[in-house]
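*Asks:* Just one file: entry-v3.cif, with mmCIF, C-alpha atoms.
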data_my_file
#
loop_
_atom_site.label_atom_id
_atom_site.label_comp_id
_atom_site.auth_asym_id
_atom_site.auth_seq_id
_atom_site.Cartn_x
_atom_site.Cartn_y
_atom_site.Cartn_z
CA MET S 1 0.00 0.00 0.00
CA THR S 2 1.33 3.43 -0.93
CA LEU S 3 0.63 6.15 1.59
CA PRO S 4 -0.56 9.54 0.34
CA THR S 5 2.19 12.09 -0.18
CA ILE S 6 -0.01 14.71 1.49
CA ALA S 7 -1.39 13.83 4.92
CA PRO S 8 -5.21 13.67 5.06
CA GLN S 9 -7.07 16.63 6.51
CA LEU S 10 -7.49 16.45 10.28
CA PRO S 11 -10.98 17.46 11.47
CA ALA S 12 -10.79 20.86 13.14
CA ASP S 13 -12.93 19.60 16.02
CA TRP S 14 -11.03 16.35 16.62
CA ARG S 15 -10.56 17.12 20.34
CA GLU S 16 -14.29 17.59 20.84
CA ARG S 17 -15.04 14.40 18.90
CA LEU S 18 -12.63 12.47 21.11
CA HIS S 19 -14.19 13.82 24.29
CA ARG S 20 -17.65 12.84 23.02
CA GLY S 21 -16.72 9.40 21.71
CA LEU S 22 -14.29 7.98 24.27
CA LEU S 23 -15.48 5.79 27.11
CA PRO S 24 -15.50 7.56 30.50
CA THR S 25 -14.53 4.31 32.25
CA PRO S 26 -12.91 1.06 31.05
CA ASP S 27 -15.26 -1.43 29.38
CA VAL S 28 -14.91 -4.70 31.30
CA GLU S 29 -17.51 -6.70 29.33
CA LEU S 30 -15.85 -9.70 27.71
CA GLU S 31 -18.33 -9.58 24.83
CA ASN S 32 -16.97 -6.22 23.72
CA VAL S 33 -13.24 -6.93 23.65
CA ARG S 34 -11.30 -6.89 20.42
CA VAL S 35 -9.11 -9.74 19.22
CA GLY S 36 -6.27 -8.96 16.82
CA GLY S 37 -7.51 -5.38 16.74
CA VAL S 38 -10.99 -6.30 15.45
CA ALA S 39 -14.20 -6.42 17.50
CA SER S 40 -15.09 -9.95 18.64
CA ARG S 41 -18.51 -9.92 16.96
CA SER S 42 -18.21 -13.52 15.77
CA PRO S 43 -20.20 -15.89 18.04
CA SER S 44 -17.45 -18.50 17.75
CA VAL S 45 -14.77 -16.04 18.83
CA ARG S 46 -16.87 -14.82 21.76
CA ALA S 47 -17.50 -18.41 22.83
CA ARG S 48 -13.79 -19.23 22.75
CA LEU S 49 -12.99 -16.12 24.78
CA LYS S 50 -15.50 -17.13 27.44
CA GLN S 51 -14.30 -20.73 27.51
CA ASP S 52 -10.53 -20.47 27.23
CA TRP S 53 -9.18 -17.04 28.07
CA PRO S 54 -10.70 -15.43 31.20
CA GLN S 55 -8.71 -17.51 33.67
CA SER S 56 -5.37 -16.59 32.12
CA MET S 57 -5.86 -13.03 30.91
CA ARG S 58 -3.82 -10.45 32.82
CA ALA S 59 -4.77 -6.77 33.03
CA ALA S 60 -2.51 -4.30 31.25
CA ALA S 61 -2.72 -0.75 29.94
CA VAL S 62 -1.19 1.30 27.13
CA LEU S 63 -1.08 5.06 26.76
CA VAL S 64 -2.45 6.33 23.46
CA GLY S 65 -0.64 9.62 23.88
CA ILE S 66 -1.51 12.50 21.55
CA VAL S 67 1.09 15.26 21.52
CA ASP S 68 -1.28 18.24 21.47
CA GLN S 69 0.62 20.53 19.10
CA ALA S 70 -1.51 23.23 17.51
CA ASP S 71 -0.65 22.54 13.86
CA THR S 72 0.73 19.00 13.78
CA PRO S 73 -0.68 16.80 16.56
CA SER S 74 0.91 13.36 16.65
CA LEU S 75 0.86 10.05 18.47
CA LEU S 76 3.88 8.89 20.47
CA MET S 77 4.90 5.39 19.37
CA THR S 78 7.70 3.14 20.57
CA VAL S 79 9.80 0.44 18.95
CA ARG S 80 10.27 -2.41 21.38
CA ALA S 81 13.83 -3.56 22.10
CA GLU S 82 15.02 -6.55 20.08
CA HIS S 83 16.00 -8.62 23.12
CA LEU S 84 12.53 -8.62 24.73
CA ARG S 85 10.80 -11.98 25.16
CA HIS S 86 7.47 -10.87 23.65
CA HIS S 87 6.83 -8.68 20.60
CA ALA S 88 10.53 -7.83 20.14
CA GLY S 89 11.10 -5.08 17.58
CA GLN S 90 7.41 -4.37 17.11
CA ILE S 91 5.74 -0.97 17.15
CA SER S 92 3.67 -0.34 20.25
CA PHE S 93 2.32 2.24 22.64
CA PRO S 94 4.12 2.65 25.96
CA GLY S 95 2.48 0.48 28.59
CA GLY S 96 2.53 -2.69 30.61
CA ARG S 97 0.77 -4.79 33.19
CA LEU S 98 -1.39 -3.44 36.01
CA GLU S 99 0.52 -3.73 39.27
CA PRO S 100 -1.04 -4.06 42.77
CA PHE S 101 0.28 -0.62 43.75
CA ASP S 102 -1.34 1.18 40.77
CA ALA S 103 -4.35 3.27 41.78
CA ASP S 104 -6.20 2.30 38.60
CA ILE S 105 -5.65 1.35 34.97
CA ALA S 106 -4.95 4.97 33.91
CA ALA S 107 -2.30 5.26 36.62
CA ALA S 108 -0.68 2.08 35.29
CA ALA S 109 -0.54 3.49 31.75
CA MET S 110 1.01 6.75 32.98
CA ARG S 111 3.53 4.99 35.22
CA GLU S 112 4.64 2.67 32.42
CA THR S 113 4.98 5.63 30.05
CA HIS S 114 7.21 7.42 32.53
CA GLU S 115 9.30 4.28 33.09
CA GLU S 116 9.66 3.43 29.39
CA ILE S 117 10.20 6.81 27.74
CA GLY S 118 10.72 9.20 30.66
CA ILE S 119 7.87 11.69 30.21
CA ASP S 120 7.03 13.43 33.49
CA LEU S 121 3.48 12.74 34.58
CA GLU S 122 2.60 16.45 34.77
CA PHE S 123 2.61 16.56 30.95
CA ILE S 124 0.02 13.74 30.59
CA ARG S 125 -3.75 14.31 30.85
CA PRO S 126 -5.94 11.19 30.36
CA ILE S 127 -9.25 11.97 28.64
CA GLY S 128 -10.94 8.58 28.20
CA PHE S 129 -10.70 4.92 27.23
CA LEU S 130 -11.07 2.66 24.21
CA THR S 131 -12.46 -0.87 24.27
CA ASP S 132 -10.13 -3.54 25.70
CA HIS S 133 -8.00 -5.62 23.33
CA VAL S 134 -6.79 -9.15 24.05
CA VAL S 135 -3.54 -10.53 22.62
CA GLN S 136 -2.17 -14.03 22.30
CA THR S 137 0.41 -13.50 25.04
CA GLY S 138 -2.50 -13.54 27.50
CA PHE S 139 -2.92 -9.84 28.26
CA ARG S 140 -6.15 -7.89 28.24
CA ILE S 141 -5.06 -4.38 27.28
CA THR S 142 -6.98 -1.21 28.15
CA PRO S 143 -6.04 1.72 25.87
CA VAL S 144 -5.93 4.97 27.88
CA VAL S 145 -6.19 7.99 25.58
CA ALA S 146 -4.37 11.08 26.81
CA LEU S 147 -3.31 14.51 25.63
CA ILE S 148 0.38 15.22 26.12
CA ARG S 149 1.42 18.83 26.58
CA PRO S 150 4.42 19.82 24.42
CA GLY S 151 7.67 20.67 26.19
CA PHE S 152 8.36 17.23 27.66
CA THR S 153 11.73 15.51 27.55
CA LEU S 154 12.09 11.95 26.30
CA LYS S 155 14.38 9.59 28.22
CA PRO S 156 13.84 6.14 26.66
CA ASP S 157 14.80 3.11 28.74
CA SER S 158 17.02 1.11 26.38
CA THR S 159 16.21 -2.14 28.18
CA GLU S 160 12.64 -1.87 26.86
CA VAL S 161 12.58 0.69 24.06
CA ALA S 162 14.78 0.81 20.96
CA ASP S 163 13.27 3.99 19.49
CA VAL S 164 10.48 6.55 19.89
CA PHE S 165 8.80 8.29 16.97
CA GLU S 166 5.77 10.45 16.28
CA LEU S 167 2.97 9.25 13.99
CA PRO S 168 0.96 12.13 12.46
CA LEU S 169 -2.54 12.09 13.96
CA SER S 170 -4.03 13.05 10.59
CA LEU S 171 -2.62 9.86 9.05
CA ALA S 172 -3.72 7.66 11.96
CA LEU S 173 -7.29 8.98 11.72
CA ALA S 174 -7.63 8.28 7.98
CA ILE S 175 -9.16 4.82 7.58
CA GLU S 176 -7.85 4.60 4.00
CA SER S 177 -4.33 4.42 5.46
CA TYR S 178 -5.01 0.89 6.77
CA ARG S 179 -5.25 -2.57 5.27
CA ALA S 180 -6.45 -5.85 6.79
CA GLN S 181 -4.59 -9.16 6.90
CA GLN S 182 -5.60 -12.50 8.39
CA ARG S 183 -3.43 -13.96 11.14
CA MET S 184 -3.68 -16.78 13.63
CA VAL S 185 -4.33 -15.71 17.23
CA ARG S 186 -3.78 -18.78 19.37
CA ASP S 187 -5.54 -21.37 17.19
CA PHE S 188 -8.17 -19.38 15.33
CA GLU S 189 -7.96 -16.91 12.47
CA VAL S 190 -8.84 -13.23 12.86
CA ASP S 191 -8.50 -10.07 10.78
CA VAL S 192 -5.56 -7.91 11.82
CA TRP S 193 -5.06 -4.30 10.77
CA GLU S 194 -1.79 -3.00 9.35
CA LEU S 195 -0.55 0.59 8.92
CA PRO S 196 2.71 1.22 7.03
CA PHE S 197 4.46 4.47 7.91
CA GLY S 198 7.86 5.11 6.34
CA GLU S 199 10.27 2.50 7.67
CA TYR S 200 7.76 1.36 10.27
CA GLN S 201 5.12 -1.36 9.96
CA ILE S 202 2.39 -0.99 12.58
CA TRP S 203 0.13 -4.02 12.95
CA GLY S 204 -1.81 -6.23 15.35
CA ALA S 205 -3.36 -4.80 18.47
CA THR S 206 -1.45 -1.53 18.09
CA ALA S 207 -2.91 -0.89 14.63
CA GLY S 208 -6.29 -2.10 15.89
CA ILE S 209 -6.23 0.47 18.67
CA LEU S 210 -5.42 3.16 16.11
CA VAL S 211 -8.34 2.03 13.94
CA GLN S 212 -10.65 2.22 16.93
CA LEU S 213 -9.40 5.75 17.63
CA CYS S 214 -10.22 6.51 13.99
CA GLU S 215 -13.74 5.10 14.52
CA VAL S 216 -14.29 7.30 17.56
CA VAL S 217 -13.36 10.48 15.73
CA SER S 218 -15.23 9.62 12.52
CA GLY S 219 -18.29 8.15 14.22
CA ALA S 220 -17.94 5.05 12.02
CA HIS S 221 -17.50 1.39 12.93
CA ALA S 222 -14.74 -0.38 11.03
#
Transcribe the structure of this file into structure tokens.
*Replies:*
Amino acid sequence: MTLPTIAPQLPADWRERLHRGLLPTPDVELENVRVGGVASRSPSVRARLKQDWPQSMRAAAVLVGIVDQADTPSLLMTVRAEHLRHHAGQISFPGGRLEPFDADIAAAAMRETHEEIGIDLEFIRPIGFLTDHVVQTGFRITPVVALIRPGFTLKPDSTEVADVFELPLSLALAIESYRAQQRMVRDFEVDVWELPFGEYQIWGATAGILVQLCEVVSGAHA
């Protein structure tokens, strides 16, 4: 897929659309989770989730951080270190598992962001949640959407993060930027979104979270 040479137009009221469309609290209903980045609308997928996954799924959170620059808002993305046991080298949002000392899932996302890429918490303002996503490593991920005030300093932890880059929000919110591929998640096949961006290939749950963000702003359901 060839990306447009000119970034799509970003809706002028994208902040208002986000505030209207995001969930005010995490959605804990198993029927609503997404698998491989796509809603689990299939009865067979929902049945498998109920039967096989609840006992082993562990709570985790990622920060869908929008750098709130006036002219060129962007999303902070990380490249996972190559030596990590799971998802090495893949594109992801900063985040990790919910720990007993975290006040809530948003606090976990903010803490992990500070630990992984060094942004001070005073720059991060959570504004809502997207539907949970489950991944084959056994995590149930809650995306916490936040606005990040410019002026922060990045201090990536090289033990977890190989690189940090900014994805233009206008590109992420254009559904025509994405394509769907079929992949195996555990032992059944699901559609998985992919988003190419320069040298980066964003796919799986990360791309699925971006597509859901696109749905929220557009009012559509992909």
*Asks:* Which residues match the PyMOL selection byres ((chain S and resi 64-66) around 7) in the file above, as a PyMOL selection string?
*Replies:* chain S and resi 62-63+67-68+73-76+93+143-148
*Asks:* Suppose a student applies the PyMOL selection byres ((chain S and resi 205-209) around 10) to this structure; what residues should they get, written as a ChimeraX atom specification?
*Replies:* /S:34-39,62,64,77,90-93,130-135,141-143,172,178-180,191-196,201-204,210-215,222
*Asks:* Please produce a file of those selected residues containing C-alpha atoms, as a tab-separated table (two decimals), keeping the file's coordinate frame.
*Replies:*
chain	number	residue	atom	x	y	z
S	34	ARG	CA	-11.30	-6.89	20.42
S	35	VAL	CA	-9.11	-9.74	19.22
S	36	GLY	CA	-6.27	-8.96	16.82
S	37	GLY	CA	-7.51	-5.38	16.74
S	38	VAL	CA	-10.99	-6.30	15.45
S	39	ALA	CA	-14.20	-6.42	17.50
S	62	VAL	CA	-1.19	1.30	27.13
S	64	VAL	CA	-2.45	6.33	23.46
S	77	MET	CA	4.90	5.39	19.37
S	90	GLN	CA	7.41	-4.37	17.11
S	91	ILE	CA	5.74	-0.97	17.15
S	92	SER	CA	3.67	-0.34	20.25
S	93	PHE	CA	2.32	2.24	22.64
S	130	LEU	CA	-11.07	2.66	24.21
S	131	THR	CA	-12.46	-0.87	24.27
S	132	ASP	CA	-10.13	-3.54	25.70
S	133	HIS	CA	-8.00	-5.62	23.33
S	134	VAL	CA	-6.79	-9.15	24.05
S	135	VAL	CA	-3.54	-10.53	22.62
S	141	ILE	CA	-5.06	-4.38	27.28
S	142	THR	CA	-6.98	-1.21	28.15
S	143	PRO	CA	-6.04	1.72	25.87
S	172	ALA	CA	-3.72	7.66	11.96
S	178	TYR	CA	-5.01	0.89	6.77
S	179	ARG	CA	-5.25	-2.57	5.27
S	180	ALA	CA	-6.45	-5.85	6.79
S	191	ASP	CA	-8.50	-10.07	10.78
S	192	VAL	CA	-5.56	-7.91	11.82
S	193	TRP	CA	-5.06	-4.30	10.77
S	194	GLU	CA	-1.79	-3.00	9.35
S	195	LEU	CA	-0.55	0.59	8.92
S	196	PRO	CA	2.71	1.22	7.03
S	201	GLN	CA	5.12	-1.36	9.96
S	202	ILE	CA	2.39	-0.99	12.58
S	203	TRP	CA	0.13	-4.02	12.95
S	204	GLY	CA	-1.81	-6.23	15.35
S	210	LEU	CA	-5.42	3.16	16.11
S	211	VAL	CA	-8.34	2.03	13.94
S	212	GLN	CA	-10.65	2.22	16.93
S	213	LEU	CA	-9.40	5.75	17.63
S	214	CYS	CA	-10.22	6.51	13.99
S	215	GLU	CA	-13.74	5.10	14.52
S	222	ALA	CA	-14.74	-0.38	11.03
*Asks:* So what do you get for atom CA of S:Asp13 versus atom CA of S:Leu171, distance-wise?
*Replies:* 15.8 Å
*Asks:* Take atom CA of S:Leu154 and atom CA of S:Pro100 and report the distance between them in Å, one decimal.
*Replies:*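 Between atom CA of S:Leu154 and atom CA of S:Pro100 the gap works out to 26.5 Å.
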*Asks:* At what distance in Å, to one decimal, does atom CA of S:Met57 lie from atom CA of S:Thr137?
*Replies:*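 Computing it gives 8.6 Å between the two atoms.
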*Asks:* Would you pick out the contacts of S:Phe152 at 7 Å or less, using only C-alpha atoms, so that residues sharing its chain but fewer than 2 positions from it are not included, and give the list as a ChimeraX atom specification?
*Replies:* /S:119,123,150,154
